[in-house]
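Peer 1: I'm passing along model_37.txt; it holds compact mmCIF, C-alpha atoms.
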# COMPACT_ATOMS: atom_id res chain seq x y z
CA MET G 1 8.10 116.25 104.34
CA ASN G 2 8.46 116.99 100.64
CA ARG G 3 12.10 116.57 99.69
CA LYS G 4 12.37 119.81 97.70
CA LEU G 5 10.77 121.81 100.49
CA LEU G 6 13.08 120.17 103.01
CA GLY G 7 16.08 120.99 100.80
CA LEU G 8 15.01 124.65 100.48
CA LEU G 9 14.55 124.89 104.25
CA CYS G 10 18.00 123.33 104.79
CA VAL G 11 19.63 125.84 102.44
CA LEU G 12 17.98 128.86 104.11
CA VAL G 13 18.81 127.65 107.61
CA CYS G 14 22.42 126.96 106.62
CA ILE G 15 22.86 130.39 104.99
CA TYR G 16 21.57 131.95 108.20
CA LEU G 17 23.89 129.79 110.33
CA ASP G 18 26.97 130.38 108.16
CA SER G 19 26.55 134.10 107.50
CA VAL G 20 24.90 135.38 110.68
CA PHE G 21 24.96 132.95 113.60
CA PHE G 22 28.45 131.43 113.38
CA ALA G 23 29.86 134.82 112.32
CA ARG G 24 28.98 135.97 115.87
CA ILE G 25 29.19 132.74 117.85
CA ASN G 26 32.52 131.02 117.22
CA ILE G 27 35.64 129.88 119.04
CA LEU G 28 38.53 132.23 118.19
CA GLY G 29 37.24 132.52 114.64
CA ILE G 30 36.90 128.74 114.24
CA ARG G 31 33.43 127.84 113.07
CA PRO G 32 31.77 124.83 111.46
CA ASP G 33 30.59 124.73 107.87
CA ALA G 34 26.84 124.33 108.29
CA MET G 35 26.17 124.05 104.55
CA LEU G 36 28.65 121.17 104.21
CA ALA G 37 27.22 119.42 107.26
CA ALA G 38 23.66 119.69 105.92
CA VAL G 39 24.61 118.62 102.38
CA VAL G 40 26.48 115.52 103.64
CA SER G 41 23.67 114.52 106.00
CA PHE G 42 21.01 115.09 103.32
CA ALA G 43 23.02 113.07 100.77
CA VAL G 44 23.50 110.13 103.17
CA HIS G 45 19.74 110.11 103.81
CA THR G 46 18.52 110.64 100.24
CA GLY G 47 21.29 109.68 97.79
CA SER G 48 23.86 111.21 95.46
CA ALA G 49 21.52 113.00 93.06
CA ALA G 50 19.52 114.77 95.77
CA GLY G 51 22.69 115.52 97.74
CA ALA G 52 24.40 117.00 94.69
CA GLY G 53 21.27 119.04 93.91
CA LEU G 54 21.14 120.48 97.41
CA GLY G 55 24.88 121.14 97.35
CA ALA G 56 24.62 122.95 94.01
CA ALA G 57 21.67 125.10 95.18
CA GLY G 58 23.26 126.01 98.51
CA GLY G 59 26.67 126.64 96.94
CA LEU G 60 25.14 128.86 94.25
CA LEU G 61 23.45 131.05 96.86
CA LEU G 62 26.70 131.33 98.84
CA ASP G 63 28.52 132.23 95.62
CA VAL G 64 26.02 134.97 94.79
CA LEU G 65 25.87 136.43 98.29
CA PHE G 66 29.44 136.11 99.51
CA GLY G 67 31.65 134.42 96.90
CA ARG G 68 34.55 136.00 95.08
CA SER G 69 33.72 134.11 91.89
CA LEU G 70 30.56 132.43 90.66
CA GLY G 71 30.73 128.62 90.68
CA LEU G 72 33.42 127.88 93.25
CA TYR G 73 31.21 127.04 96.23
CA THR G 74 28.64 125.50 93.83
CA ALA G 75 31.21 123.02 92.52
CA ILE G 76 32.58 122.23 95.98
CA TYR G 77 29.20 121.51 97.59
CA LEU G 78 27.96 119.66 94.49
CA CYS G 79 30.96 117.31 94.77
CA ALA G 80 30.44 116.96 98.53
CA GLY G 81 26.78 116.00 98.05
CA PHE G 82 27.59 113.60 95.25
CA GLY G 83 30.43 111.97 97.19
CA ALA G 84 28.52 111.65 100.47
CA GLY G 85 25.64 110.03 98.57
CA TYR G 86 27.90 106.99 98.19
CA PHE G 87 26.91 106.00 101.74
CA TYR G 88 23.18 106.12 100.92
CA LYS G 89 21.55 102.85 102.07
CA LYS G 90 24.95 101.36 102.87
CA PHE G 91 24.61 101.89 106.62
CA TYR G 92 21.81 102.04 109.14
CA ALA G 93 20.17 105.45 109.28
CA ASP G 94 20.89 105.54 113.04
CA ASN G 95 24.62 105.52 112.38
CA VAL G 96 25.84 109.09 112.91
CA ILE G 97 29.53 108.20 112.77
CA ILE G 98 29.60 107.74 108.99
CA PRO G 99 28.05 111.13 108.06
CA ALA G 100 30.01 112.92 110.78
CA ALA G 101 33.30 111.39 109.61
CA SER G 102 32.41 112.10 105.95
CA ALA G 103 31.61 115.74 106.75
CA ALA G 104 34.87 116.14 108.67
CA ALA G 105 36.91 114.53 105.86
CA LEU G 106 35.14 116.56 103.16
CA GLY G 107 35.62 119.67 105.32
CA VAL G 108 39.39 119.09 105.30
CA VAL G 109 39.38 118.52 101.51
CA LYS G 110 37.29 121.67 100.92
CA GLU G 111 39.52 123.86 103.10
CA LEU G 112 42.67 122.46 101.46
CA LEU G 113 41.23 123.29 98.05
CA LEU G 114 40.39 126.85 99.16
CA ALA G 115 43.86 127.16 100.72
CA LEU G 116 45.39 126.18 97.38
CA ILE G 117 43.23 128.67 95.47
CA VAL G 118 44.14 131.48 97.90
CA ARG G 119 47.85 130.54 97.67
CA LEU G 120 47.64 130.57 93.86
CA GLY G 121 46.04 134.02 94.19
CA GLY G 122 49.30 135.26 95.69
CA VAL G 123 48.48 135.29 99.40
CA SER G 124 51.24 133.94 101.62
CA TYR G 125 50.56 132.19 104.92
CA SER G 126 51.99 129.46 107.10
CA PHE G 127 50.28 126.29 105.88
CA LEU G 128 50.97 124.23 109.02
CA ASN G 129 49.68 127.04 111.21
CA VAL G 130 46.46 127.37 109.19
CA PHE G 131 46.06 123.58 108.98
CA GLY G 132 46.51 122.99 112.70
CA ARG G 133 44.73 126.04 114.02
CA TYR G 134 41.86 126.37 111.59
CA ILE G 135 41.32 123.58 109.06
CA LEU G 136 41.34 120.62 111.47
CA PRO G 137 39.28 122.18 114.28
CA SER G 138 36.81 123.62 111.78
CA ALA G 139 36.41 120.21 110.08
CA LEU G 140 35.88 118.59 113.46
CA LEU G 141 33.12 121.08 114.31
CA SER G 142 31.53 120.46 110.89
CA GLY G 143 31.53 116.72 111.66
CA LEU G 144 29.81 117.31 115.01
CA LEU G 145 27.25 119.60 113.41
CA CYS G 146 26.63 116.97 110.70
CA ALA G 147 25.86 114.39 113.41
CA LEU G 148 23.28 116.80 114.83
CA PHE G 149 21.78 117.49 111.39
CA HIS G 150 21.67 113.74 110.74
CA VAL G 151 19.54 113.16 113.84
CA ILE G 152 17.24 116.07 112.93
CA LEU G 153 16.88 115.09 109.25
CA LYS G 154 16.29 111.39 109.87
CA PRO G 155 12.60 111.59 110.90
CA LEU G 156 11.96 114.15 108.14
CA THR G 157 13.38 111.97 105.37
CA MET G 158 12.39 108.50 106.64
CA PRO G 159 8.65 108.56 105.70
CA GLN G 160 9.61 109.30 102.14
CA ILE G 161 12.11 106.45 102.04
CA LYS G 162 9.56 104.05 103.50
CA ARG G 163 6.92 105.19 100.97
CA ARG G 164 9.36 104.57 98.13
CA GLN G 165 10.17 101.09 99.48
CA VAL G 166 6.45 100.21 99.57
CA VAL G 167 6.05 101.32 95.95
CA LEU G 168 9.08 99.27 94.94
CA ARG G 169 7.72 96.16 96.70
CA ARG G 170 4.42 96.46 94.81
CA MET V 171 36.77 102.60 82.46
CA ARG V 172 33.73 101.37 80.49
CA ASN V 173 31.75 101.06 83.76
CA LEU V 174 32.79 104.56 84.62
CA LEU V 175 31.50 105.86 81.30
CA LYS V 176 28.19 104.03 81.85
CA ASN V 177 27.67 105.77 85.21
CA LYS V 178 25.36 108.54 84.01
CA PRO V 179 24.99 110.46 87.30
CA LEU V 180 28.76 110.52 87.78
CA LEU V 181 29.27 111.81 84.23
CA ILE V 182 26.66 114.54 84.77
CA ALA V 183 28.25 115.54 88.07
CA LEU V 184 31.75 115.60 86.53
CA SER V 185 30.55 117.71 83.58
CA ALA V 186 28.82 120.09 85.98
CA VAL V 187 31.97 120.43 88.08
CA VAL V 188 34.14 121.10 85.01
CA LEU V 189 31.66 123.75 83.78
CA LEU V 190 31.44 125.34 87.24
CA ALA V 191 35.23 125.40 87.59
CA LEU V 192 35.41 127.12 84.20
CA LEU V 193 32.74 129.59 85.32
CA ALA V 194 34.62 130.24 88.57
CA VAL V 195 37.81 131.02 86.66
CA LEU V 196 35.97 133.26 84.18
CA THR V 197 34.16 135.18 86.93
CA SER V 198 37.08 135.42 89.37
CA LYS V 199 38.03 138.89 88.16
CA GLU V 200 36.11 142.06 89.04
CA ARG V 201 32.77 141.98 87.28
CA LYS V 202 29.24 143.31 87.34
CA LEU V 203 26.45 141.26 88.89
CA THR V 204 23.96 139.78 86.45
CA PHE V 205 20.28 140.58 86.77
CA ILE V 206 19.57 137.09 88.19
CA GLU V 207 22.30 137.38 90.86
CA SER V 208 21.06 140.84 91.81
CA ALA V 209 17.47 139.59 92.04
CA ILE V 210 18.43 136.57 94.19
CA GLY V 211 20.28 138.87 96.57
CA SER V 212 17.38 141.33 96.68
CA VAL V 213 14.92 138.53 97.49
CA LEU V 214 17.13 137.17 100.27
CA GLN V 215 18.15 140.59 101.65
CA PRO V 216 15.02 141.24 103.80
CA VAL V 217 15.10 137.66 105.11
CA GLN V 218 18.78 138.00 106.01
CA ALA V 219 18.26 141.44 107.54
CA PHE V 220 15.40 140.14 109.69
CA ALA V 221 17.38 137.03 110.71
CA SER V 222 20.42 139.15 111.57
CA ARG V 223 18.41 141.58 113.73
CA ALA V 224 16.49 138.75 115.42
CA SER V 225 19.61 136.77 116.26
CA ASP V 226 21.34 139.90 117.60
CA SER V 227 18.40 140.52 119.94
CA ILE V 228 18.27 136.88 121.06
CA ILE V 229 22.04 136.71 121.67
CA ASP V 230 21.97 140.02 123.57
CA PHE V 231 19.05 138.82 125.69
CA VAL V 232 20.77 135.48 126.51
CA GLU V 233 24.02 137.31 127.31
CA THR V 234 22.15 139.67 129.66
CA LEU V 235 20.47 136.72 131.39
CA LEU V 236 23.79 134.91 131.78
CA ASN V 237 25.39 138.02 133.19
CA THR V 238 22.66 138.45 135.82
CA THR V 239 24.19 137.98 139.27
CA ASP V 240 21.95 139.78 141.71
CA ALA V 241 18.60 138.07 140.94
CA ASP V 242 17.01 136.05 143.73
CA LEU V 243 17.24 132.60 142.20
CA GLU V 244 15.18 130.92 144.97
CA ASN V 245 12.02 132.85 144.32
CA GLN V 246 10.22 131.60 141.23
CA GLN V 247 7.96 134.61 140.85
CA LEU V 248 10.79 137.03 141.27
CA LYS V 249 12.78 135.07 138.72
CA ILE V 250 10.02 135.49 136.15
CA HIS V 251 9.69 139.15 137.05
CA VAL V 252 13.44 139.66 136.81
CA ALA V 253 13.55 137.84 133.47
CA SER V 254 10.79 140.09 132.16
CA LEU V 255 12.62 143.19 133.40
CA GLU V 256 15.86 141.88 131.96
CA GLN V 257 14.16 141.46 128.61
CA ASN V 258 12.97 145.06 128.75
CA LEU V 259 16.42 146.15 129.83
CA SER V 260 17.99 144.15 127.03
CA GLU V 261 15.68 145.76 124.48
CA MET V 262 16.41 149.21 125.92
CA ASP V 263 20.11 148.44 125.97
CA ALA V 264 19.99 147.35 122.31
CA LEU V 265 18.13 150.57 121.42
CA ARG V 266 20.61 152.67 123.42
CA LYS V 267 23.56 151.01 121.68
CA GLU V 268 21.93 151.49 118.28
CA ASN V 269 21.26 155.14 119.17
CA GLU V 270 24.92 155.61 120.16
CA ARG V 271 26.15 153.98 116.97
CA LEU V 272 23.85 156.12 114.82
CA LYS V 273 24.94 159.25 116.70
CA GLN V 274 28.58 158.33 115.99
CA LEU V 275 27.75 157.80 112.31
CA LEU V 276 26.01 161.20 112.20
CA ALA V 277 28.91 162.92 113.95
CA PHE V 278 31.37 161.30 111.55
CA ALA V 279 29.30 162.41 108.56
CA GLN V 280 29.06 165.97 109.92
CA ASN V 281 32.83 166.12 110.50
CA THR V 282 33.52 165.21 106.87
CA PRO V 283 31.17 167.51 104.92
CA GLU V 284 33.16 167.10 101.72
CA LEU V 285 31.95 163.49 101.47
CA SER V 286 28.41 162.15 101.25
CA TYR V 287 27.31 158.79 102.53
CA VAL V 288 24.56 156.20 102.47
CA THR V 289 24.27 154.03 105.55
CA GLY V 290 23.29 150.37 105.53
CA ALA V 291 23.01 147.53 108.02
CA VAL V 292 25.39 144.59 107.84
CA ILE V 293 23.17 141.61 106.97
CA GLY V 294 25.62 138.76 106.45
CA ARG V 295 29.27 137.76 106.44
CA SER V 296 31.20 135.31 104.31
CA PRO V 297 31.81 131.89 105.84
CA GLY V 298 35.35 130.65 106.51
CA ILE V 299 38.64 132.50 106.80
CA TRP V 300 39.82 132.58 103.22
CA PHE V 301 37.71 135.47 101.99
CA ASP V 302 36.51 138.29 104.22
CA THR V 303 33.46 139.91 102.69
CA PHE V 304 30.15 141.07 104.08
CA THR V 305 26.86 142.23 102.60
CA ILE V 306 25.09 145.45 103.50
CA SER V 307 21.51 146.56 102.88
CA VAL V 308 22.14 149.37 100.38
CA GLY V 309 22.68 149.01 96.66
CA ARG V 310 22.35 150.52 93.22
CA LEU V 311 18.98 152.13 94.05
CA GLN V 312 20.66 154.12 96.83
CA GLY V 313 23.45 155.28 94.52
CA VAL V 314 26.09 152.71 95.48
CA GLU V 315 28.61 151.79 92.81
CA ARG V 316 31.52 149.36 92.57
CA ASN V 317 34.84 150.35 94.21
CA MET V 318 33.24 152.94 96.48
CA PRO V 319 34.94 153.08 99.88
CA VAL V 320 33.04 151.81 102.91
CA VAL V 321 33.72 153.38 106.29
CA SER V 322 32.55 153.49 109.89
CA PRO V 323 33.19 156.16 112.55
CA ALA V 324 36.17 154.08 113.70
CA GLY V 325 37.81 154.07 110.27
CA LEU V 326 38.07 152.34 106.92
CA LEU V 327 36.03 149.13 106.50
CA GLY V 328 36.74 148.17 102.89
CA ARG V 329 35.39 148.74 99.40
CA VAL V 330 32.30 147.73 97.46
CA SER V 331 33.06 144.81 95.16
CA GLU V 332 29.66 143.94 93.70
CA VAL V 333 26.37 145.83 93.67
CA GLY V 334 22.81 144.51 93.54
CA ALA V 335 19.63 146.58 93.39
CA THR V 336 19.13 146.80 97.17
CA TRP V 337 22.32 145.23 98.52
CA CYS V 338 26.04 145.18 97.92
CA LYS V 339 29.05 143.04 98.71
CA VAL V 340 31.97 144.66 100.54
CA VAL V 341 35.53 143.33 100.64
CA SER V 342 36.85 143.97 104.16
CA LEU V 343 40.07 145.81 104.81
CA ILE V 344 41.30 142.64 106.57
CA ASP V 345 40.73 140.45 103.48
CA SER V 346 44.00 138.97 102.26
CA SER V 347 43.42 140.38 98.76
CA MET V 348 43.13 144.01 99.95
CA ASN V 349 45.96 146.48 99.37
CA VAL V 350 45.54 150.05 100.57
CA SER V 351 47.96 152.94 100.29
CA VAL V 352 48.56 154.42 103.75
CA LEU V 353 50.78 156.84 105.65
CA VAL V 354 52.15 156.93 109.17
CA ASP V 355 50.47 159.81 111.00
CA ARG V 356 53.56 160.83 113.05
CA THR V 357 56.28 160.56 110.41
CA ARG V 358 54.12 161.01 107.24
CA ASP V 359 55.95 158.05 105.63
CA SER V 360 53.96 156.28 102.92
CA GLY V 361 53.49 152.53 102.68
CA MET V 362 51.01 149.86 101.77
CA ILE V 363 48.79 147.78 103.98
CA ARG V 364 47.25 144.39 103.33
CA GLY V 365 45.10 141.89 105.20
CA THR V 366 46.47 138.70 106.68
CA LEU V 367 44.86 135.33 107.21
CA LYS V 368 43.77 134.84 110.79
CA ALA V 369 43.95 131.18 111.70
CA GLY V 370 42.53 130.24 115.07
CA THR V 371 43.75 133.39 116.80
CA GLY V 372 40.49 135.31 116.57
CA ALA V 373 42.49 138.54 116.17
CA ASP V 374 42.33 140.61 113.00
CA THR V 375 45.68 142.01 111.92
CA LEU V 376 47.08 143.89 108.95
CA GLU V 377 50.56 143.91 107.48
CA LEU V 378 52.33 147.21 106.72
CA TYR V 379 54.97 147.02 103.98
CA TYR V 380 56.82 149.09 101.38
CA LEU V 381 57.93 151.58 104.02
CA PRO V 382 61.02 153.70 103.29
CA SER V 383 64.23 152.23 104.75
CA GLU V 384 64.90 155.36 106.83
CA SER V 385 61.42 155.23 108.35
CA ASP V 386 61.29 155.58 112.12
CA LEU V 387 58.26 153.46 112.88
CA LEU V 388 57.29 152.76 116.48
CA PRO V 389 54.62 150.57 118.09
CA GLY V 390 51.56 152.71 118.78
CA ASP V 391 51.93 154.84 115.64
CA LYS V 392 48.65 155.65 113.95
CA ILE V 393 48.14 154.57 110.35
CA LEU V 394 45.86 156.60 108.06
CA THR V 395 44.78 156.30 104.43
CA SER V 396 47.05 158.36 102.16
CA GLY V 397 44.47 159.08 99.46
CA ILE V 398 46.97 158.04 96.77
CA GLY V 399 45.17 156.40 93.88
CA GLY V 400 41.95 158.25 94.59
CA LEU V 401 40.07 155.17 95.72
CA TYR V 402 39.90 156.04 99.42
CA PRO V 403 39.55 159.49 101.00
CA LYS V 404 42.72 160.78 102.68
CA GLY V 405 43.06 160.68 106.46
CA LEU V 406 40.73 157.81 107.36
CA ASN V 407 41.82 155.75 110.37
CA VAL V 408 43.22 152.38 109.40
CA GLY V 409 44.98 151.03 112.49
CA GLU V 410 47.70 151.24 115.09
CA VAL V 411 51.16 149.67 114.83
CA LEU V 412 51.54 146.63 117.08
CA THR V 413 54.99 145.26 116.25
CA VAL V 414 57.84 146.40 114.00
CA SER V 415 60.49 144.17 112.44
CA ARG V 416 63.24 144.78 109.91
CA ALA V 417 63.39 142.07 107.24
CA GLY V 418 66.49 143.37 105.46
CA GLU V 419 68.61 146.47 104.84
CA SER V 420 65.81 148.32 103.13
CA GLU V 421 62.73 146.42 104.16
CA TYR V 422 60.43 147.17 107.03
CA ASN V 423 57.51 144.99 108.11
CA ALA V 424 55.01 145.90 110.74
CA THR V 425 51.88 144.34 112.18
CA VAL V 426 48.95 146.70 112.51
CA ARG V 427 45.80 146.27 114.57
CA PRO V 428 42.81 147.72 112.69
CA THR V 429 40.89 150.48 114.46
CA VAL V 430 37.61 148.90 113.41
CA ASP V 431 36.37 145.90 115.36
CA PHE V 432 35.41 143.79 112.35
CA LYS V 433 33.66 141.18 114.48
CA HIS V 434 31.08 143.65 115.73
CA ILE V 435 30.26 145.94 112.82
CA GLU V 436 26.52 146.40 112.51
CA GLU V 437 26.23 149.47 110.28
CA ALA V 438 28.45 150.65 107.48
CA MET V 439 28.61 153.88 105.47
CA VAL V 440 29.32 153.84 101.75
CA VAL V 441 31.07 157.01 100.55
CA VAL V 442 28.94 157.90 97.54
CA GLY V 443 30.24 161.46 97.28
CA MET V 444 33.57 160.38 95.80
CA PRO V 445 33.78 159.60 92.10
CA ALA V 446 34.08 155.87 91.56
CA ILE V 447 37.26 154.60 89.91
CA GLU V 448 36.82 153.91 86.21
CA GLU V 449 36.86 150.24 85.33
CA THR V 450 40.01 149.01 83.63
CA SER V 451 39.80 146.30 81.05
For the file at hand, write its structure as structure tokens.

Peer 2:
Amino acid sequence: MNRKLLGLLCVLVCIYLDSVFFARINILGIRPDAMLAAVVSFAVHTGSAAGAGLGAAGGLLLDVLFGRSLGLYTAIYLCAGFGAGYFYKKFYADNVIIPAASAAALGVVKELLLALIVRLGGVSYSFLNVFGRYILPSALLSGLLCALFHVILKPLTMPQIKRRQVVLRR
Amino acid sequence: MRNLLKNKPLLIALSAVVLLALLAVLTSKERKLTFIESAIGSVLQPVQAFASRASDSIIDFVETLLNTTDADLENQQLKIHVASLEQNLSEMDALRKENERLKQLLAFAQNTPELSYVTGAVIGRSPGIWFDTFTISVGRLQGVERNMPVVSPAGLLGRVSEVGATWCKVVSLIDSSMNVSVLVDRTRDSGMIRGTLKAGTGADTLELYYLPSESDLLPGDKILTSGIGGLYPKGLNVGEVLTVSRAGESEYNATVRPTVDFKHIEEAMVVVGMPAIEETS
């Protein structure tokens, strides 16, 4: 499948999952970050540049539709895509542990950053409570969702990778 | 360091992040949506509205199927028949619920003739716990403006923060940045209410503060909007006191359960009959 079309489809599906589906189906308010999971999986399959591009596009739409300020989610998902692209071609595509662990780790970093921004905005809360009851479980769910996305995206991105390898060999 | 400077993609990404961070800081205050943002939202609004409605129907149907207890599971034909009837029932149930909700909205609007409303469907909610906003399917074309209060028959929902042509963003009452002037229905004491972060509890709560030291607050007391400040109409339901604690000689703190079930709001009414608050620089 064309990479840009696949990216657009990913973004739309993730906006639906994040804003509609997981808003209704969640465990005591704990829900995974579908956009992060998709961006990490896409970046591991296609590289830093494509991952960052998808992250920026998805983050921008989240900023416009739900964000408090323009650019926050864009920057976060851009960094996530760029960082996860580090694992591109470094592991077998069948390996779901690496993207899942990356998504979970990046999920923790993202939530910590948002927690800091909210704290700087003057909102008080118990950090340990939020960390234990929301940030960690949510990051874990994001990791699991990323593993699922990784399996789904693999056959969609592999033909393109193979085609590129053939061109390179020639 | 030299290698780092030679890494072009990394430099581009870093520059982009710095610029975006700057943009985020610059746009973090109340602002008007740009034409492009409004257009993006307008393009996505029908898609989101359709997806929201479709997923509600699917979830309701699956829930009805899961709750079925009296179907004869051994008979394959009956199972199909029952599933088909259940689907019809689910659709009728969804229509009945929608009818009830719309009737409640109408009754609420008729009981408050001094205010005028536009009603929209909730089409999306913000991800995560840090910010609690949702988008509804009415915007500038329907007369919605920034800072207009948003209500439901159960009580206050929040206020409009940004407006597109056919959609708008609403900051929920339970958002941690919200502060609303309220009064206790029984004692008529004034105070302020703000949202709290819900972390893994699944329960939405509000915090009541700035109550007078001599206030006689009791669990179960009703909290209403006071109308002070002119942003929200007076007398809207806000919540019910859950717990009361005294932090000091002159400080009262209370936990309030909102009257609105924020997890299940499907329609919202924007009060367009009230004059919007003038923007302050």

Peer 1: Would you mind telling me which residue in V:Glu261, V:Glu207, V:Asp226, V:Glu270 lies nearest to Arg24 (chain G) when using all atoms listed in the file?

Peer 2: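 Using all atoms listed in the file, Arg24 (chain G) sits closest to V:Asp226.
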
Peer 1: Would you compute the distance between CA of Leu5 (chain G) and CA of Pro155 (chain G)? Give it in Å to one decimal.

Peer 2: 14.7 Å

Peer 1: So that each row is one residue of region 295-330 of chain V with an atom at most 12 Å from region 100-123 of chain G, can you give its shortest atom pair and the distance in Å to one decimal, using all atoms listed in the file, rows by chain and rising number, as CSV?

Peer 2:
residue,atom,partner,partner_atom,distance
V:Pro297,CA,G:Glu111,CA,11.5
V:Gly298,CA,G:Glu111,CA,8.7
V:Ile299,CA,G:Glu111,CA,9.4
V:Trp300,CA,G:Val118,CA,6.9
V:Phe301,CA,G:Val118,CA,8.6

Peer 1: Should the cut-off be 9 Å, what would the residue list for chain G against chain V look like, counting all atoms listed in the file, as a PDB file with C-alpha atoms, in the frame of the given file?

Peer 2:
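What landed in iface33.pdb:
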ATOM      1  CA  ILE G  15      22.860 130.390 104.990  1.00  0.00           C
ATOM      2  CA  TYR G  16      21.570 131.950 108.200  1.00  0.00           C
ATOM      3  CA  ASP G  18      26.970 130.380 108.160  1.00  0.00           C
ATOM      4  CA  SER G  19      26.550 134.100 107.500  1.00  0.00           C
ATOM      5  CA  VAL G  20      24.900 135.380 110.680  1.00  0.00           C
ATOM      6  CA  PHE G  21      24.960 132.950 113.600  1.00  0.00           C
ATOM      7  CA  PHE G  22      28.450 131.430 113.380  1.00  0.00           C
ATOM      8  CA  ALA G  23      29.860 134.820 112.320  1.00  0.00           C
ATOM      9  CA  ARG G  24      28.980 135.970 115.870  1.00  0.00           C
ATOM     10  CA  ILE G  27      35.640 129.880 119.040  1.00  0.00           C
ATOM     11  CA  LEU G  28      38.530 132.230 118.190  1.00  0.00           C
ATOM     12  CA  GLY G  29      37.240 132.520 114.640  1.00  0.00           C
ATOM     13  CA  ILE G  30      36.900 128.740 114.240  1.00  0.00           C
ATOM     14  CA  ARG G  31      33.430 127.840 113.070  1.00  0.00           C
ATOM     15  CA  PRO G  32      31.770 124.830 111.460  1.00  0.00           C
ATOM     16  CA  ASP G  33      30.590 124.730 107.870  1.00  0.00           C
ATOM     17  CA  SER G  48      23.860 111.210  95.460  1.00  0.00           C
ATOM     18  CA  ALA G  49      21.520 113.000  93.060  1.00  0.00           C
ATOM     19  CA  ALA G  52      24.400 117.000  94.690  1.00  0.00           C
ATOM     20  CA  LEU G  61      23.450 131.050  96.860  1.00  0.00           C
ATOM     21  CA  LEU G  62      26.700 131.330  98.840  1.00  0.00           C
ATOM     22  CA  VAL G  64      26.020 134.970  94.790  1.00  0.00           C
ATOM     23  CA  LEU G  65      25.870 136.430  98.290  1.00  0.00           C
ATOM     24  CA  PHE G  66      29.440 136.110  99.510  1.00  0.00           C
ATOM     25  CA  GLY G  67      31.650 134.420  96.900  1.00  0.00           C
ATOM     26  CA  ARG G  68      34.550 136.000  95.080  1.00  0.00           C
ATOM     27  CA  SER G  69      33.720 134.110  91.890  1.00  0.00           C
ATOM     28  CA  LEU G  70      30.560 132.430  90.660  1.00  0.00           C
ATOM     29  CA  GLY G  71      30.730 128.620  90.680  1.00  0.00           C
ATOM     30  CA  LEU G  72      33.420 127.880  93.250  1.00  0.00           C
ATOM     31  CA  TYR G  73      31.210 127.040  96.230  1.00  0.00           C
ATOM     32  CA  THR G  74      28.640 125.500  93.830  1.00  0.00           C
ATOM     33  CA  ALA G  75      31.210 123.020  92.520  1.00  0.00           C
ATOM     34  CA  ILE G  76      32.580 122.230  95.980  1.00  0.00           C
ATOM     35  CA  LEU G  78      27.960 119.660  94.490  1.00  0.00           C
ATOM     36  CA  CYS G  79      30.960 117.310  94.770  1.00  0.00           C
ATOM     37  CA  PHE G  82      27.590 113.600  95.250  1.00  0.00           C
ATOM     38  CA  GLU G 111      39.520 123.860 103.100  1.00  0.00           C
ATOM     39  CA  LEU G 114      40.390 126.850  99.160  1.00  0.00           C
ATOM     40  CA  ALA G 115      43.860 127.160 100.720  1.00  0.00           C
ATOM     41  CA  VAL G 118      44.140 131.480  97.900  1.00  0.00           C
ATOM     42  CA  GLY G 121      46.040 134.020  94.190  1.00  0.00           C
ATOM     43  CA  GLY G 122      49.300 135.260  95.690  1.00  0.00           C
ATOM     44  CA  VAL G 123      48.480 135.290  99.400  1.00  0.00           C
ATOM     45  CA  SER G 124      51.240 133.940 101.620  1.00  0.00           C
ATOM     46  CA  TYR G 125      50.560 132.190 104.920  1.00  0.00           C
ATOM     47  CA  ASN G 129      49.680 127.040 111.210  1.00  0.00           C
ATOM     48  CA  VAL G 130      46.460 127.370 109.190  1.00  0.00           C
ATOM     49  CA  PHE G 131      46.060 123.580 108.980  1.00  0.00           C
ATOM     50  CA  GLY G 132      46.510 122.990 112.700  1.00  0.00           C
ATOM     51  CA  ARG G 133      44.730 126.040 114.020  1.00  0.00           C
ATOM     52  CA  TYR G 134      41.860 126.370 111.590  1.00  0.00           C
ATOM     53  CA  ILE G 135      41.320 123.580 109.060  1.00  0.00           C
ATOM     54  CA  PRO G 137      39.280 122.180 114.280  1.00  0.00           C
ATOM     55  CA  SER G 138      36.810 123.620 111.780  1.00  0.00           C
TER      56      SER G 138
END

Peer 1: Using Å and a single decimal, report how far CA of Ala50 (chain G) sits from CA of Gly83 (chain G).

Peer 2: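 Atom-to-atom, CA of Gly83 (chain G) and CA of Ala50 (chain G) are spaced 11.4 Å apart.
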
Peer 1: So how many Å separate CA of Gly58 (chain G) and CA of Tyr77 (chain G), to one decimal?

Peer 2: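 Interatomic distance here is 7.5 Å.
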
Peer 1: When distances are computed from all atoms listed in the file, which of G:Tyr92, G:Tyr86, G:Phe149, G:Phe127 shows the smallest separation from Gly51 (chain G)?

Peer 2: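 Using all atoms listed in the file, Gly51 (chain G) sits closest to G:Tyr86.
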
Peer 1: I'd like the neighbourhood of Arg3 (chain G) as a list in words, where a residue qualifies if any of its atoms comes within 8 Å (using all atoms listed in the file), though same-chain residues fewer than 3 positions away should be ignored.

Peer 2: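 Within the cut-off, the hits are Leu6, Gly7 and Thr157 of chain G.
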
Peer 1: Hey, which of G:Ala139, G:Leu12, G:Leu144, G:Ala80 ends up closest to Val96 (chain G)? Count all atoms listed in the file.

Peer 2: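 When distances to Val96 (chain G) are compared using all atoms listed in the file, the smallest one comes from G:Leu144.
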
Peer 1: Could you list, as a PDB file with C-alpha atoms, keeping the file's coordinate frame, every residue within 7 Å of region 413-415 of chain V, counting all atoms listed in the file and ignoring same-chain residues fewer than 3 positions away?

Peer 2:
ATOM      1  CA  LEU V 388      57.290 152.760 116.480  1.00  0.00           C
ATOM      2  CA  PRO V 389      54.620 150.570 118.090  1.00  0.00           C
ATOM      3  CA  TYR V 422      60.430 147.170 107.030  1.00  0.00           C
ATOM      4  CA  ASN V 423      57.510 144.990 108.110  1.00  0.00           C
ATOM      5  CA  ALA V 424      55.010 145.900 110.740  1.00  0.00           C
ATOM      6  CA  THR V 425      51.880 144.340 112.180  1.00  0.00           C
TER       7      THR V 425
END
